[in-house]
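J.: Pasting model.csv below, which is CSV, C-alpha atoms.
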chain,number,residue,atom,x,y,z
G,1,MET,CA,104.2,94.9,73.4
G,2,LYS,CA,107.6,96.7,73.2
G,3,ALA,CA,109.2,97.8,76.4
G,4,SER,CA,109.3,101.4,75.3
G,5,ILE,CA,105.6,101.5,74.7
G,6,ILE,CA,105.0,99.9,78.1
G,7,CYS,CA,107.4,102.4,79.7
G,8,ALA,CA,105.5,105.3,78.1
G,9,ILE,CA,102.1,104.0,79.3
G,10,VAL,CA,103.4,103.5,82.8
G,11,THR,CA,105.0,106.9,82.9
G,12,VAL,CA,101.9,108.7,81.7
G,13,ALA,CA,99.7,106.8,84.2
G,14,ALA,CA,102.1,107.6,87.0
G,15,LEU,CA,102.3,111.3,86.1
G,16,THR,CA,98.5,111.7,85.7
G,17,CYS,CA,97.8,110.2,89.2
G,18,PRO,CA,98.2,112.2,92.4
G,19,GLN,CA,101.7,111.7,93.9
G,20,ILE,CA,101.7,108.4,95.6
G,21,ALA,CA,104.2,109.5,98.3
G,22,ASN,CA,101.7,112.1,99.5
G,23,SER,CA,99.0,109.5,100.1
G,24,ALA,CA,98.3,107.8,103.4
G,25,VAL,CA,100.1,104.5,103.5
G,26,ASP,CA,98.8,101.2,104.9
G,27,ALA,CA,102.1,99.6,105.8
G,28,GLU,CA,100.6,96.4,106.9
G,29,ALA,CA,98.7,95.9,103.7
G,30,ALA,CA,101.8,96.9,101.6
G,31,ARG,CA,104.0,94.5,103.4
G,32,ALA,CA,101.4,91.7,103.0
G,33,LEU,CA,101.2,92.5,99.2
G,34,ALA,CA,105.1,92.5,99.0
G,35,LYS,CA,105.2,89.1,100.6
G,36,LYS,CA,102.3,87.7,98.5
G,37,GLU,CA,103.9,88.9,95.3
G,38,GLY,CA,107.3,87.5,96.2
G,39,CYS,CA,109.1,90.8,96.6
G,40,LEU,CA,110.4,89.8,100.0
G,41,LYS,CA,112.1,86.7,98.6
G,42,CYS,CA,114.9,88.9,97.1
G,43,HIS,CA,114.5,92.2,99.0
G,44,GLY,CA,114.6,92.4,102.7
G,45,VAL,CA,112.9,95.4,104.3
G,46,ASP,CA,116.0,96.6,106.2
G,47,ARG,CA,118.6,94.2,105.0
G,48,ASP,CA,120.0,93.1,101.6
G,49,LYS,CA,119.2,89.6,100.4
G,50,THR,CA,119.9,88.7,96.8
G,51,ALA,CA,118.8,92.2,95.9
G,52,ARG,CA,119.1,95.5,97.7
G,53,SER,CA,116.8,96.1,100.7
G,54,LEU,CA,113.7,98.1,100.3
G,55,THR,CA,115.1,100.7,102.7
G,56,THR,CA,118.2,101.1,100.4
G,57,ILE,CA,116.0,101.4,97.3
G,58,ALA,CA,113.8,104.0,99.1
G,59,GLY,CA,116.9,106.0,99.9
G,60,LYS,CA,118.0,105.9,96.3
G,61,TYR,CA,114.8,107.5,95.1
G,62,LYS,CA,114.4,109.9,98.0
G,63,GLY,CA,113.8,113.4,96.7
G,64,MET,CA,113.5,112.3,93.1
G,65,LYS,CA,110.5,114.0,91.3
G,66,ASP,CA,109.9,110.9,89.1
G,67,ALA,CA,110.5,108.3,91.9
G,68,ASP,CA,106.9,107.0,91.8
G,69,ALA,CA,107.0,106.4,88.0
G,70,LYS,CA,110.4,104.7,88.2
G,71,LEU,CA,109.3,102.4,91.0
G,72,LEU,CA,106.1,101.6,89.1
G,73,TRP,CA,108.0,100.8,86.0
G,74,GLN,CA,110.4,98.6,87.9
G,75,ILE,CA,107.6,96.4,89.4
G,76,THR,CA,105.4,96.3,86.4
G,77,THR,CA,107.6,95.8,83.3
G,78,GLY,CA,110.2,93.1,84.3
G,79,PRO,CA,113.4,94.9,83.3
G,80,LYS,CA,116.8,93.2,83.6
G,81,VAL,CA,118.4,93.9,87.0
G,82,LYS,CA,121.7,93.0,88.6
G,83,ASP,CA,121.8,90.8,91.7
G,84,LEU,CA,124.1,91.7,94.5
G,85,ASP,CA,126.4,88.8,93.4
G,86,GLY,CA,126.8,90.4,90.0
G,87,GLY,CA,124.4,88.1,88.1
G,88,GLU,CA,121.7,89.4,85.9
G,89,ASP,CA,118.0,88.5,86.2
G,90,VAL,CA,114.6,89.6,85.0
G,91,HIS,CA,112.8,91.5,87.7
G,92,ASP,CA,109.5,89.8,88.5
G,93,ILE,CA,106.3,91.6,87.6
G,94,ILE,CA,103.7,92.3,90.2
G,95,LYS,CA,100.6,90.2,89.4
G,96,THR,CA,97.9,92.3,91.0
G,97,ASN,CA,95.8,94.6,88.9
G,98,ASP,CA,94.7,96.6,92.0
G,99,LYS,CA,96.1,100.1,91.3
G,100,SER,CA,95.4,101.4,94.8
G,101,ALA,CA,97.3,98.4,96.3
G,102,ILE,CA,100.2,99.0,93.9
G,103,ASN,CA,100.2,102.7,94.8
G,104,ASN,CA,100.1,101.8,98.5
G,105,LEU,CA,103.1,99.5,98.0
G,106,ILE,CA,105.1,102.2,96.2
G,107,GLY,CA,104.2,104.7,99.0
G,108,TRP,CA,105.3,102.2,101.6
G,109,ILE,CA,108.6,101.6,99.9
G,110,ARG,CA,109.2,105.4,99.6
G,111,SER,CA,108.3,105.8,103.3
G,112,LEU,CA,111.2,103.5,104.3
G,113,ALA,CA,113.8,106.1,103.2
G,114,LYS,CA,116.0,107.2,106.0
Kindly transcribe the structure held in the file into structure tokens.
T.:
Amino acid sequence: MKASIICAIVTVAALTCPQIANSAVDAEAARALAKKEGCLKCHGVDRDKTARSLTTIAGKYKGMKDADAKLLWQITTGPKVKDLDGGEDVHDIIKTNDKSAINNLIGWIRSLAK
């Protein structure tokens, strides 16, 4: 499936759901999912690793109306991303199909904004 079609599907899904950031967040479950899915191999919660910290990412999206859709796209489509060392890599795709767990993960990331 072409990336543009996937992006459109993800965007429509995100925009038709209630705002993730307004939902209650289970931080423990989100952190466990991030660890299980391998997110924390590259992203630290409060510190950079090979990629920006989740706190830095949350700050980048703070106040953006389409932040949930952008984060959802990032973790579900595998776009090319730049590592902190300047290299380029394909972002891993989250493997779970549990939409509420994914929404909780996005809400947790957004809650890290300072």
J.: In terms of the shortest atom-to-atom distance over only C-alpha atoms, which of G:Lys62, G:Arg52, G:Arg31, G:Lys36 is closest to Lys114 in chain G?
T.: G:Lys62
J.: Find the residues around Val45 in chain G up to 8 Å (all atoms listed in the file counted), leave out those fewer than 3 positions away in its own chain, and share them as JSON, numbers by chain.
T.: {"G": [40, 48, 53, 54, 55]}
J.: To one decimal in Å, tell me the separation between CA of Ala32 in chain G and CA of Asp68 in chain G.
T.: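 Taking CA of Ala32 in chain G and CA of Asp68 in chain G, their separation equals 19.7 Å.
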J.: Can you measure CA of Lys41 in chain G to CA of Asp83 in chain G for me? One decimal in Å is fine.
T.: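 Between these atoms lies a distance of 12.6 Å.
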J.: Quick one: residues within 6 Å of range 77-79 of chain G, all atoms listed in the file, excluding same-chain residues fewer than 5 positions away - as number ranges by chain?
T.: G: 90-93
J.: Between CA of Gly87 in chain G and CA of Arg110 in chain G, measure the distance and give it in Å to one decimal.
T.: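 One can read the CA of Gly87 in chain G to CA of Arg110 in chain G distance as 25.7 Å.
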